[in-house]
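Heads up: the structure comes next, in structure tokens.
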Amino acid sequence: MSLDQLSPEQHSTLLKIRKRVIEAIGRNMDLYGVPISTGHLYGLLYFADKPMTLDEMGLEMSMSKTSMSTGVRTLLDLKMVNKVWEKGSRKDLYEVESDWYQSFTDFFSTKWRKAVENNILVLRRSIEEINVYLQSQLEGPIHDVLLEDQRKMKEAVQYYEWLDRLIDAMESGEIYKLVPKSPII
């Protein structure tokens, strides 16, 4: 249904309701390190009844094309927005990924995978450095401290390996066997 078919009062009420949701989406995404304006952009696309160009988004949000481009690029990287092709259009069009479960999975998998890989690399390198140092220093107070640090680092590696398996379960969809998706109301 087109918004053009609504009375001015209905249109105003609808926009007020949507604005509240869009603001909440922006605040929520800000908690995860995504700029509020990018969250608002996602909200705009979520309620759009058709794919939008950067120019259209800029007009709706009163933002520059550069800001729109940056926000869309962020959403594309997070797999929350898709670029679509439309016959007869020479401009890029974008639409929101409407499967919020998939958006959640993609967002957290991307963020967590980077953190896991970086942290495991640092921890394993540090464990190896401790091994080298322990081989050269047989005794003394530093020996016990290094052994305890190494134990803690190995525990951390176990955690990150578990987190890596959780990410795998999210990406494969296995997580939904443990925590099923909610039925559509």
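Simple scheme: letters A, B, ... for chains in structure tokens order, numbers from 1 for residues in each chain, numbers from 1 for ligands in the order shown.
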
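Within 10 Å of region 55-61 of chain A there are Ser37, His40, Leu41, Leu44, Leu45, Ala48, Thr66, Ser67, Met68, Ser69, Val72, Lys91, Asp92, Leu93 and Tyr94 of chain A, counting only C-alpha atoms and ignoring same-chain residues fewer than 5 positions away.
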
Please produce an output containing N, CA, C and O atoms for each residue in the selection, written as a PDB file, in the first residue's frame.
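result32.pdb was written with the following content:
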```
ATOM      1  N   SER A  37      23.335   7.493  13.185  1.00  0.00           N
ATOM      2  CA  SER A  37      22.790   7.886  11.875  1.00  0.00           C
ATOM      3  C   SER A  37      22.711   6.690  10.930  1.00  0.00           C
ATOM      4  O   SER A  37      21.779   6.585  10.125  1.00  0.00           O
ATOM      5  N   HIS A  40      19.695   4.838  11.924  1.00  0.00           N
ATOM      6  CA  HIS A  40      18.501   5.531  11.395  1.00  0.00           C
ATOM      7  C   HIS A  40      18.321   5.203   9.913  1.00  0.00           C
ATOM      8  O   HIS A  40      17.194   5.014   9.442  1.00  0.00           O
ATOM      9  N   LEU A  41      19.421   5.145   9.193  1.00  0.00           N
ATOM     10  CA  LEU A  41      19.378   4.798   7.774  1.00  0.00           C
ATOM     11  C   LEU A  41      18.814   3.385   7.593  1.00  0.00           C
ATOM     12  O   LEU A  41      17.970   3.144   6.730  1.00  0.00           O
ATOM     13  N   LEU A  44      15.132   3.589   8.114  1.00  0.00           N
ATOM     14  CA  LEU A  44      14.476   4.168   6.931  1.00  0.00           C
ATOM     15  C   LEU A  44      14.288   3.105   5.854  1.00  0.00           C
ATOM     16  O   LEU A  44      13.197   2.947   5.294  1.00  0.00           O
ATOM     17  N   LEU A  45      15.347   2.364   5.572  1.00  0.00           N
ATOM     18  CA  LEU A  45      15.259   1.324   4.548  1.00  0.00           C
ATOM     19  C   LEU A  45      14.331   0.188   4.978  1.00  0.00           C
ATOM     20  O   LEU A  45      13.661  -0.426   4.147  1.00  0.00           O
ATOM     21  N   ALA A  48      10.918   1.296   4.090  1.00  0.00           N
ATOM     22  CA  ALA A  48      10.714   1.686   2.682  1.00  0.00           C
ATOM     23  C   ALA A  48       9.934   0.591   1.955  1.00  0.00           C
ATOM     24  O   ALA A  48      10.164  -0.597   2.168  1.00  0.00           O
ATOM     25  N   THR A  66      27.426  11.948   0.604  1.00  0.00           N
ATOM     26  CA  THR A  66      28.629  11.341   1.172  1.00  0.00           C
ATOM     27  C   THR A  66      28.302  10.600   2.462  1.00  0.00           C
ATOM     28  O   THR A  66      28.747   9.463   2.668  1.00  0.00           O
ATOM     29  N   SER A  67      27.523  11.227   3.334  1.00  0.00           N
ATOM     30  CA  SER A  67      27.126  10.583   4.590  1.00  0.00           C
ATOM     31  C   SER A  67      26.286   9.344   4.324  1.00  0.00           C
ATOM     32  O   SER A  67      26.457   8.307   4.983  1.00  0.00           O
ATOM     33  N   MET A  68      25.387   9.456   3.348  1.00  0.00           N
ATOM     34  CA  MET A  68      24.550   8.303   2.982  1.00  0.00           C
ATOM     35  C   MET A  68      25.435   7.165   2.472  1.00  0.00           C
ATOM     36  O   MET A  68      25.242   6.010   2.833  1.00  0.00           O
ATOM     37  N   SER A  69      26.390   7.504   1.634  1.00  0.00           N
ATOM     38  CA  SER A  69      27.286   6.504   1.052  1.00  0.00           C
ATOM     39  C   SER A  69      28.075   5.782   2.140  1.00  0.00           C
ATOM     40  O   SER A  69      28.200   4.552   2.119  1.00  0.00           O
ATOM     41  N   VAL A  72      25.625   3.514   4.071  1.00  0.00           N
ATOM     42  CA  VAL A  72      25.246   2.346   3.268  1.00  0.00           C
ATOM     43  C   VAL A  72      26.409   1.372   3.174  1.00  0.00           C
ATOM     44  O   VAL A  72      26.223   0.155   3.278  1.00  0.00           O
ATOM     45  N   LYS A  91      21.149   4.087 -11.378  1.00  0.00           N
ATOM     46  CA  LYS A  91      21.695   4.338 -10.042  1.00  0.00           C
ATOM     47  C   LYS A  91      21.626   3.076  -9.199  1.00  0.00           C
ATOM     48  O   LYS A  91      20.766   2.223  -9.400  1.00  0.00           O
ATOM     49  N   ASP A  92      22.551   2.997  -8.243  1.00  0.00           N
ATOM     50  CA  ASP A  92      22.520   1.875  -7.314  1.00  0.00           C
ATOM     51  C   ASP A  92      21.309   2.009  -6.404  1.00  0.00           C
ATOM     52  O   ASP A  92      20.994   3.100  -5.915  1.00  0.00           O
ATOM     53  N   LEU A  93      20.667   0.892  -6.177  1.00  0.00           N
ATOM     54  CA  LEU A  93      19.505   0.833  -5.291  1.00  0.00           C
ATOM     55  C   LEU A  93      19.825  -0.089  -4.128  1.00  0.00           C
ATOM     56  O   LEU A  93      20.546  -1.077  -4.286  1.00  0.00           O
ATOM     57  N   TYR A  94      19.256   0.227  -2.968  1.00  0.00           N
ATOM     58  CA  TYR A  94      19.537  -0.541  -1.770  1.00  0.00           C
ATOM     59  C   TYR A  94      18.240  -0.886  -1.060  1.00  0.00           C
ATOM     60  O   TYR A  94      17.300  -0.101  -1.037  1.00  0.00           O
TER      61      TYR A  94
END
```

With only C-alpha atoms as the counted atoms, please give the residues lying no more than 8 Å from Met153 (chain A), apart from itself and same-chain residues fewer than 3 positions off, as a ChimeraX atom specification. /A:123,127,149-150,156-157

Produce a file of the selected residues containing C-alpha atoms, as a compact mmCIF listing (two decimals), in the first residue's frame.
```txt
# COMPACT_ATOMS: atom_id res chain seq x y z
CA LEU A 123 47.49 -15.35 23.16
CA ILE A 127 52.24 -18.49 25.30
CA ASP A 149 50.17 -16.36 33.31
CA GLN A 150 50.54 -19.15 30.78
CA ALA A 156 41.48 -17.74 27.45
CA VAL A 157 42.38 -19.67 24.28
```

Find the residues of region 134-171 of chain A that sit at most 8 Å from region 96-115 of chain A; for each, write down the nearest two atoms and how far apart they are in Å, to one decimal. Count only C-alpha atoms. Sort by chain, then by number going up, and give it as CSV.
```
residue,atom,partner,partner_atom,distance
A:Asp164,CA,A:Arg113,CA,6.9
A:Ile167,CA,A:Ser109,CA,5.6
A:Met170,CA,A:Thr105,CA,5.9
A:Glu171,CA,A:Thr105,CA,6.5
```

Written file, previous selection with C-alpha atoms, as a compact mmCIF listing (two decimals), in the first residue's frame:
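Output file result17.txt is given in full below:
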```
# COMPACT_ATOMS: atom_id res chain seq x y z
CA ASP A 164 34.65 -19.73 17.47
CA ILE A 167 30.10 -18.44 15.62
CA MET A 170 25.39 -19.24 14.13
CA GLU A 171 26.70 -19.17 10.57
```

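The space between CA of Leu121 (chain A) and CA of Leu166 (chain A) spans 18.3 Å.
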